[in-house]
Amino acid sequence: MSQRGAQVMSSGLPGEIVQLTMEHLWLVLLSITIAVGIALPMGVLLTRKRPLQGWVLGFANVVQTIPSLALFGFLIPLPLIGGIGQHTAIMALILYALLPVLRNTFTGILGIDPAVRESALAMGMTDGQLLRLVELPLAARTILAGVRVATVTTIGTATIAAAIGAGGLGVFIFRGLASVDSTLLLAGAIPAAAMALLADGGLGWIEKKFSPV
């Protein structure tokens, strides 16, 4: 540990780690919740409105190809949603999280055996009942896999949010890079990696619960 690292460690670093970890967690949870709230119904809509598939999936794919720091930069000058701070970071994180959830919802529902869908309709189910009682339960594992990928990716991408004043564990990483201090780098990287591993493990466990016996 460098001399500066030892000084930082003795001057309240543990408390700041907790604070920035909570900020990071808030960014991720809010972004993922909103992204799922948008992508899940949109994925369902695409299974009913085939002409929209190319446009919506194409937009989500294009967003995914934009480097994260560049996307943050593009959003800053935009009216209403732009500026410096958490709101711009959350908007960027939502855009990045859309594709995995959207694509897996769409793929999961379309991957259901057509015979199962036809049998449900033959029993007199409405489209809403078909979706709620048949399609979503059968596609749940695939949808959760998309949420899992989106969550882990968002945890990593959220570290870049510190570059536009959104806080989170990226604050330590940028400080460490600026001062060439490995202690600060690790203070940001280790909690972020631990958060990603916990999210991946927890969502993976839930996903397995939807596996066919």
# chains A, B, ... in the order shown; residues from 1 in each chain; ligands from 1

call {"tool": "residues_around", "arguments": {"residues": "region 54-66 of chain A", "least_positions_apart": "4", "cutoff": "9 Å", "atoms": "only C-alpha atoms", "output": "list of chain:residue names"}}
result
A:Met42, A:Leu46, A:Arg50, A:Ala70, A:Leu71, A:Leu95, A:Tyr96, A:Ala97, A:Leu98, A:Leu99, A:Leu102, A:Arg103

call {"tool": "select_by_dssp", "arguments": {"residues": "region 54-188 of chain A", "states": "alpha helix (DSSP H)", "output": "PyMOL selection string"}}
result
chain A and resi 54-65+68-75+86-110+114-122+127-130+136-157+170-179+182-188

call {"tool": "residues_around", "arguments": {"residues": "Trp26 (chain A)", "least_positions_apart": "4", "cutoff": "12 Å", "atoms": "only C-alpha atoms", "output": "count of residues only"}}
result
20

call {"tool": "closest_atom_pairs", "arguments": {"of": "region 33-92 of chain A", "to": "region 107-110 of chain A", "cutoff": "12 Å", "atoms": "only C-alpha atoms", "output": "Markdown table"}}
result
| residue | atom | partner | partner_atom | distance |
| --- | --- | --- | --- | --- |
| A:Leu40 | CA | A:Ile109 | CA | 10.9 |
| A:Pro41 | CA | A:Ile109 | CA | 11.7 |
| A:Gly43 | CA | A:Thr107 | CA | 8.5 |
| A:Val44 | CA | A:Ile109 | CA | 7.6 |
| A:Leu45 | CA | A:Ile109 | CA | 10.7 |
| A:Leu46 | CA | A:Leu110 | CA | 9.8 |
| A:Thr47 | CA | A:Leu110 | CA | 6.8 |
| A:Arg48 | CA | A:Leu110 | CA | 9.9 |
| A:Arg50 | CA | A:Leu110 | CA | 11.2 |
| A:Gln53 | CA | A:Thr107 | CA | 11.4 |
| A:Leu57 | CA | A:Thr107 | CA | 11.5 |

call {"tool": "atom_distance", "arguments": {"atom1": "CA of Phe172 (chain A)", "atom2": "CA of Ala35 (chain A)"}}
result
26.4 Å

call {"tool": "atom_distance", "arguments": {"atom1": "CA of Leu69 (chain A)", "atom2": "CA of Gly12 (chain A)"}}
result
29.2 Å

call {"tool": "residues_around", "arguments": {"residues": "region 124-136 of chain A", "least_positions_apart": "3", "cutoff": "10 Å", "atoms": "only C-alpha atoms", "output": "PyMOL selection string"}}
result
chain A and resi 44+48+105+108-113+116-121+139-143

call {"tool": "write_last_selection", "arguments": {"atoms": "all heavy atoms", "output": "CSV table (one decimal), in the first residue's frame"}}
result
chain,number,residue,atom,x,y,z
A,44,VAL,N,-43.2,-8.2,-25.2
A,44,VAL,CA,-44.5,-8.9,-25.4
A,44,VAL,C,-45.2,-8.3,-26.6
A,44,VAL,O,-45.7,-9.0,-27.5
A,44,VAL,CB,-45.4,-8.7,-24.2
A,44,VAL,CG1,-46.8,-9.2,-24.5
A,44,VAL,CG2,-44.8,-9.5,-23.0
A,48,ARG,N,-46.6,-9.7,-30.8
A,48,ARG,CA,-47.9,-9.5,-31.4
A,48,ARG,C,-47.9,-8.5,-32.6
A,48,ARG,O,-48.7,-8.6,-33.4
A,48,ARG,CB,-48.8,-8.8,-30.3
A,48,ARG,CG,-49.6,-9.8,-29.5
A,48,ARG,CD,-48.8,-10.6,-28.5
A,48,ARG,NE,-49.6,-11.4,-27.6
A,48,ARG,CZ,-49.1,-12.4,-26.9
A,48,ARG,NH1,-47.8,-12.6,-26.9
A,48,ARG,NH2,-50.0,-13.1,-26.1
A,105,THR,N,-37.1,-11.5,-23.7
A,105,THR,CA,-38.6,-11.6,-23.6
A,105,THR,C,-39.2,-12.0,-24.9
A,105,THR,O,-40.0,-12.9,-25.0
A,105,THR,CB,-39.2,-10.3,-23.1
A,105,THR,OG1,-38.6,-9.9,-21.9
A,105,THR,CG2,-40.7,-10.3,-23.0
A,108,GLY,N,-38.0,-15.7,-25.7
A,108,GLY,CA,-38.6,-16.6,-24.8
A,108,GLY,C,-40.1,-16.9,-25.1
A,108,GLY,O,-40.5,-18.1,-25.1
A,109,ILE,N,-40.8,-15.9,-25.5
A,109,ILE,CA,-42.3,-16.1,-25.8
A,109,ILE,C,-42.4,-16.8,-27.2
A,109,ILE,O,-43.2,-17.7,-27.3
A,109,ILE,CB,-43.0,-14.8,-25.8
A,109,ILE,CG1,-43.1,-14.3,-24.3
A,109,ILE,CG2,-44.4,-14.9,-26.3
A,109,ILE,CD1,-43.8,-12.9,-24.2
A,110,LEU,N,-41.6,-16.4,-28.1
A,110,LEU,CA,-41.7,-17.0,-29.5
A,110,LEU,C,-41.2,-18.4,-29.5
A,110,LEU,O,-41.5,-19.2,-30.3
A,110,LEU,CB,-40.9,-16.1,-30.5
A,110,LEU,CG,-41.6,-14.8,-30.9
A,110,LEU,CD1,-40.8,-14.2,-32.1
A,110,LEU,CD2,-43.0,-15.0,-31.3
A,111,GLY,N,-40.3,-18.7,-28.5
A,111,GLY,CA,-39.8,-20.1,-28.4
A,111,GLY,C,-40.7,-21.1,-27.8
A,111,GLY,O,-40.4,-22.3,-27.8
A,112,ILE,N,-41.8,-20.7,-27.4
A,112,ILE,CA,-42.8,-21.7,-26.8
A,112,ILE,C,-43.4,-22.5,-27.9
A,112,ILE,O,-43.7,-22.0,-29.0
A,112,ILE,CB,-43.9,-20.9,-26.1
A,112,ILE,CG1,-43.3,-20.2,-24.8
A,112,ILE,CG2,-45.0,-21.9,-25.6
A,112,ILE,CD1,-44.3,-19.2,-24.2
A,113,ASP,N,-43.6,-23.8,-27.7
A,113,ASP,CA,-44.1,-24.7,-28.6
A,113,ASP,C,-45.5,-24.2,-29.1
A,113,ASP,O,-46.4,-23.9,-28.3
A,113,ASP,CB,-44.3,-26.1,-28.0
A,113,ASP,CG,-44.7,-27.2,-29.0
A,113,ASP,OD1,-45.1,-26.8,-30.1
A,113,ASP,OD2,-44.6,-28.3,-28.7
A,116,VAL,N,-48.6,-25.7,-27.7
A,116,VAL,CA,-49.1,-25.3,-26.4
A,116,VAL,C,-49.9,-24.1,-26.5
A,116,VAL,O,-51.0,-24.0,-25.9
A,116,VAL,CB,-47.8,-25.1,-25.5
A,116,VAL,CG1,-48.3,-24.5,-24.1
A,116,VAL,CG2,-47.0,-26.3,-25.3
A,117,ARG,N,-49.5,-23.2,-27.3
A,117,ARG,CA,-50.3,-21.9,-27.5
A,117,ARG,C,-51.7,-22.2,-28.1
A,117,ARG,O,-52.7,-21.7,-27.7
A,117,ARG,CB,-49.5,-21.0,-28.4
A,117,ARG,CG,-50.1,-19.6,-28.5
A,117,ARG,CD,-49.2,-18.7,-29.3
A,117,ARG,NE,-48.0,-18.3,-28.6
A,117,ARG,CZ,-46.8,-18.8,-28.9
A,117,ARG,NH1,-46.7,-19.6,-29.9
A,117,ARG,NH2,-45.7,-18.4,-28.3
A,118,GLU,N,-51.7,-23.1,-29.1
A,118,GLU,CA,-52.9,-23.5,-29.8
A,118,GLU,C,-53.9,-24.2,-28.9
A,118,GLU,O,-55.1,-24.0,-28.9
A,118,GLU,CB,-52.6,-24.3,-31.0
A,118,GLU,CG,-51.9,-23.6,-32.2
A,118,GLU,CD,-51.4,-24.5,-33.3
A,118,GLU,OE1,-51.7,-25.7,-33.2
A,118,GLU,OE2,-50.7,-24.0,-34.2
A,119,SER,N,-53.3,-25.1,-28.0
A,119,SER,CA,-54.2,-25.8,-27.1
A,119,SER,C,-54.8,-24.8,-26.1
A,119,SER,O,-56.0,-25.0,-25.7
A,119,SER,CB,-53.3,-26.8,-26.3
A,119,SER,OG,-52.8,-27.8,-27.2
A,120,ALA,N,-54.1,-23.8,-25.6
A,120,ALA,CA,-54.6,-22.8,-24.7
A,120,ALA,C,-55.7,-22.0,-25.4
A,120,ALA,O,-56.8,-21.8,-24.7
A,120,ALA,CB,-53.5,-21.9,-24.2
A,121,LEU,N,-55.5,-21.6,-26.6
A,121,LEU,CA,-56.6,-20.9,-27.3
A,121,LEU,C,-57.8,-21.8,-27.6
A,121,LEU,O,-58.9,-21.3,-27.5
A,121,LEU,CB,-56.0,-20.4,-28.7
A,121,LEU,CG,-54.9,-19.3,-28.5
A,121,LEU,CD1,-54.3,-19.0,-29.9
A,121,LEU,CD2,-55.5,-18.0,-27.9
A,139,ALA,N,-41.8,-18.7,-20.4
A,139,ALA,CA,-40.7,-17.9,-20.9
A,139,ALA,C,-39.9,-17.3,-19.7
A,139,ALA,O,-38.9,-16.6,-19.9
A,139,ALA,CB,-41.2,-16.8,-21.8
A,140,ALA,N,-40.3,-17.5,-18.5
A,140,ALA,CA,-39.8,-16.9,-17.3
A,140,ALA,C,-38.3,-17.1,-17.2
A,140,ALA,O,-37.5,-16.1,-16.9
A,140,ALA,CB,-40.5,-17.3,-16.0
A,141,ARG,N,-37.8,-18.3,-17.4
A,141,ARG,CA,-36.4,-18.6,-17.3
A,141,ARG,C,-35.5,-17.8,-18.3
A,141,ARG,O,-34.5,-17.2,-18.0
A,141,ARG,CB,-36.1,-20.0,-17.4
A,141,ARG,CG,-34.6,-20.4,-17.1
A,141,ARG,CD,-34.3,-21.8,-17.3
A,141,ARG,NE,-32.9,-22.1,-16.9
A,141,ARG,CZ,-32.2,-23.2,-17.3
A,141,ARG,NH1,-32.8,-24.1,-18.0
A,141,ARG,NH2,-31.0,-23.3,-16.9
A,142,THR,N,-36.0,-17.7,-19.5
A,142,THR,CA,-35.3,-17.0,-20.6
A,142,THR,C,-35.3,-15.5,-20.2
A,142,THR,O,-34.3,-14.8,-20.4
A,142,THR,CB,-35.9,-17.2,-21.9
A,142,THR,OG1,-36.0,-18.6,-22.2
A,142,THR,CG2,-35.2,-16.5,-23.0
A,143,ILE,N,-36.5,-15.0,-19.8
A,143,ILE,CA,-36.6,-13.5,-19.4
A,143,ILE,C,-35.6,-13.2,-18.3
A,143,ILE,O,-34.9,-12.2,-18.3
A,143,ILE,CB,-38.0,-13.2,-19.1
A,143,ILE,CG1,-38.9,-13.4,-20.3
A,143,ILE,CG2,-38.1,-11.8,-18.5
A,143,ILE,CD1,-40.4,-13.3,-20.0

call {"tool": "residues_around", "arguments": {"residues": "region 178-194 of chain A", "least_positions_apart": "2", "cutoff": "7 Å", "atoms": "only C-alpha atoms", "output": "list in words"}}
result
Met1, Gly5, Ile17, Ile155, Gly156, Leu169, Gly170, Phe172, Ile173, Phe174, Arg175, Gly176, Ala196, Leu197 and Leu198 of chain A

call {"tool": "write_last_selection", "arguments": {"atoms": "all heavy atoms", "output": "short mmCIF file (atom, residue, chain, number, x, y, z; two decimals), in the first residue's frame"}}
result
data_model
loop_
_atom_site.label_atom_id
_atom_site.label_comp_id
_atom_site.auth_asym_id
_atom_site.auth_seq_id
_atom_site.Cartn_x
_atom_site.Cartn_y
_atom_site.Cartn_z
N MET A 1 0.85 -1.21 0.00
CA MET A 1 0.00 0.00 0.00
C MET A 1 0.88 1.24 0.00
O MET A 1 1.86 1.33 0.72
CB MET A 1 -0.89 -0.01 1.24
CG MET A 1 -1.85 1.19 1.31
SD MET A 1 -2.79 1.21 2.86
CE MET A 1 -3.72 -0.32 2.73
N GLY A 5 -2.12 5.87 0.06
CA GLY A 5 -3.19 4.90 0.31
C GLY A 5 -3.40 4.70 1.79
O GLY A 5 -4.54 4.61 2.26
N ILE A 17 -16.57 4.14 1.35
CA ILE A 17 -16.85 2.95 0.55
C ILE A 17 -18.31 2.55 0.70
O ILE A 17 -19.01 2.25 -0.28
CB ILE A 17 -15.93 1.77 0.95
CG1 ILE A 17 -14.49 2.03 0.51
CG2 ILE A 17 -16.44 0.46 0.34
CD1 ILE A 17 -13.51 0.98 0.95
N ILE A 155 -24.01 -2.99 -13.54
CA ILE A 155 -23.12 -2.77 -12.39
C ILE A 155 -21.75 -2.29 -12.86
O ILE A 155 -21.16 -1.37 -12.28
CB ILE A 155 -23.01 -4.06 -11.54
CG1 ILE A 155 -24.33 -4.34 -10.84
CG2 ILE A 155 -21.87 -3.92 -10.51
CD1 ILE A 155 -24.38 -5.70 -10.16
N GLY A 156 -21.25 -2.92 -13.93
CA GLY A 156 -19.96 -2.50 -14.45
C GLY A 156 -20.02 -1.14 -15.13
O GLY A 156 -19.16 -0.28 -14.91
N LEU A 169 -19.29 3.83 -7.19
CA LEU A 169 -17.94 3.34 -6.94
C LEU A 169 -16.93 3.80 -7.98
O LEU A 169 -15.73 3.73 -7.75
CB LEU A 169 -17.97 1.81 -6.88
CG LEU A 169 -18.70 1.25 -5.66
CD1 LEU A 169 -19.01 -0.23 -5.84
CD2 LEU A 169 -17.89 1.48 -4.39
N GLY A 170 -17.40 4.30 -9.11
CA GLY A 170 -16.48 4.84 -10.10
C GLY A 170 -15.71 6.05 -9.60
O GLY A 170 -14.66 6.38 -10.14
N PHE A 172 -14.06 6.29 -6.84
CA PHE A 172 -12.76 5.79 -6.38
C PHE A 172 -11.86 5.44 -7.57
O PHE A 172 -10.66 5.71 -7.56
CB PHE A 172 -12.94 4.54 -5.52
CG PHE A 172 -13.40 4.82 -4.12
CD1 PHE A 172 -14.42 4.08 -3.55
CD2 PHE A 172 -12.80 5.80 -3.35
CE1 PHE A 172 -14.85 4.32 -2.26
CE2 PHE A 172 -13.22 6.06 -2.06
CZ PHE A 172 -14.25 5.31 -1.51
N ILE A 173 -12.44 4.83 -8.59
CA ILE A 173 -11.65 4.41 -9.74
C ILE A 173 -11.05 5.60 -10.46
O ILE A 173 -9.86 5.61 -10.80
CB ILE A 173 -12.51 3.55 -10.69
CG1 ILE A 173 -12.91 2.25 -9.98
CG2 ILE A 173 -11.77 3.26 -11.98
CD1 ILE A 173 -13.88 1.38 -10.77
N PHE A 174 -11.85 6.64 -10.67
CA PHE A 174 -11.32 7.84 -11.34
C PHE A 174 -10.30 8.56 -10.46
O PHE A 174 -9.31 9.09 -10.97
CB PHE A 174 -12.47 8.77 -11.72
CG PHE A 174 -13.21 8.34 -12.96
CD1 PHE A 174 -14.43 7.70 -12.87
CD2 PHE A 174 -12.66 8.54 -14.21
CE1 PHE A 174 -15.11 7.30 -14.00
CE2 PHE A 174 -13.32 8.13 -15.36
CZ PHE A 174 -14.55 7.51 -15.26
N ARG A 175 -10.55 8.58 -9.15
CA ARG A 175 -9.56 9.19 -8.25
C ARG A 175 -8.25 8.41 -8.30
O ARG A 175 -7.16 8.99 -8.34
CB ARG A 175 -10.08 9.17 -6.82
CG ARG A 175 -11.07 10.25 -6.46
CD ARG A 175 -11.34 10.16 -4.97
NE ARG A 175 -12.56 10.84 -4.57
CZ ARG A 175 -13.12 10.69 -3.38
NH1 ARG A 175 -12.55 9.89 -2.47
NH2 ARG A 175 -14.24 11.33 -3.08
N GLY A 176 -8.37 7.08 -8.30
CA GLY A 176 -7.17 6.24 -8.33
C GLY A 176 -6.39 6.41 -9.61
O GLY A 176 -5.15 6.43 -9.60
N ALA A 196 -21.38 -7.45 -8.54
CA ALA A 196 -21.70 -8.15 -9.77
C ALA A 196 -21.78 -9.66 -9.54
O ALA A 196 -22.69 -10.33 -10.06
CB ALA A 196 -20.66 -7.84 -10.84
N LEU A 197 -20.86 -10.21 -8.76
CA LEU A 197 -20.87 -11.64 -8.47
C LEU A 197 -22.10 -12.04 -7.67
O LEU A 197 -22.71 -13.08 -7.93
CB LEU A 197 -19.59 -12.03 -7.73
CG LEU A 197 -18.29 -12.00 -8.55
CD1 LEU A 197 -17.08 -12.22 -7.65
CD2 LEU A 197 -18.34 -13.07 -9.64
N LEU A 198 -22.45 -11.23 -6.70
CA LEU A 198 -23.64 -11.52 -5.88
C LEU A 198 -24.91 -11.45 -6.73
O LEU A 198 -25.80 -12.30 -6.61
CB LEU A 198 -23.74 -10.53 -4.72
CG LEU A 198 -22.74 -10.74 -3.57
CD1 LEU A 198 -22.82 -9.59 -2.58
CD2 LEU A 198 -23.01 -12.06 -2.86
#

call {"tool": "atom_distance", "arguments": {"atom1": "CA of Gly204 (chain A)", "atom2": "CA of Thr159 (chain A)"}}
result
22.7 Å
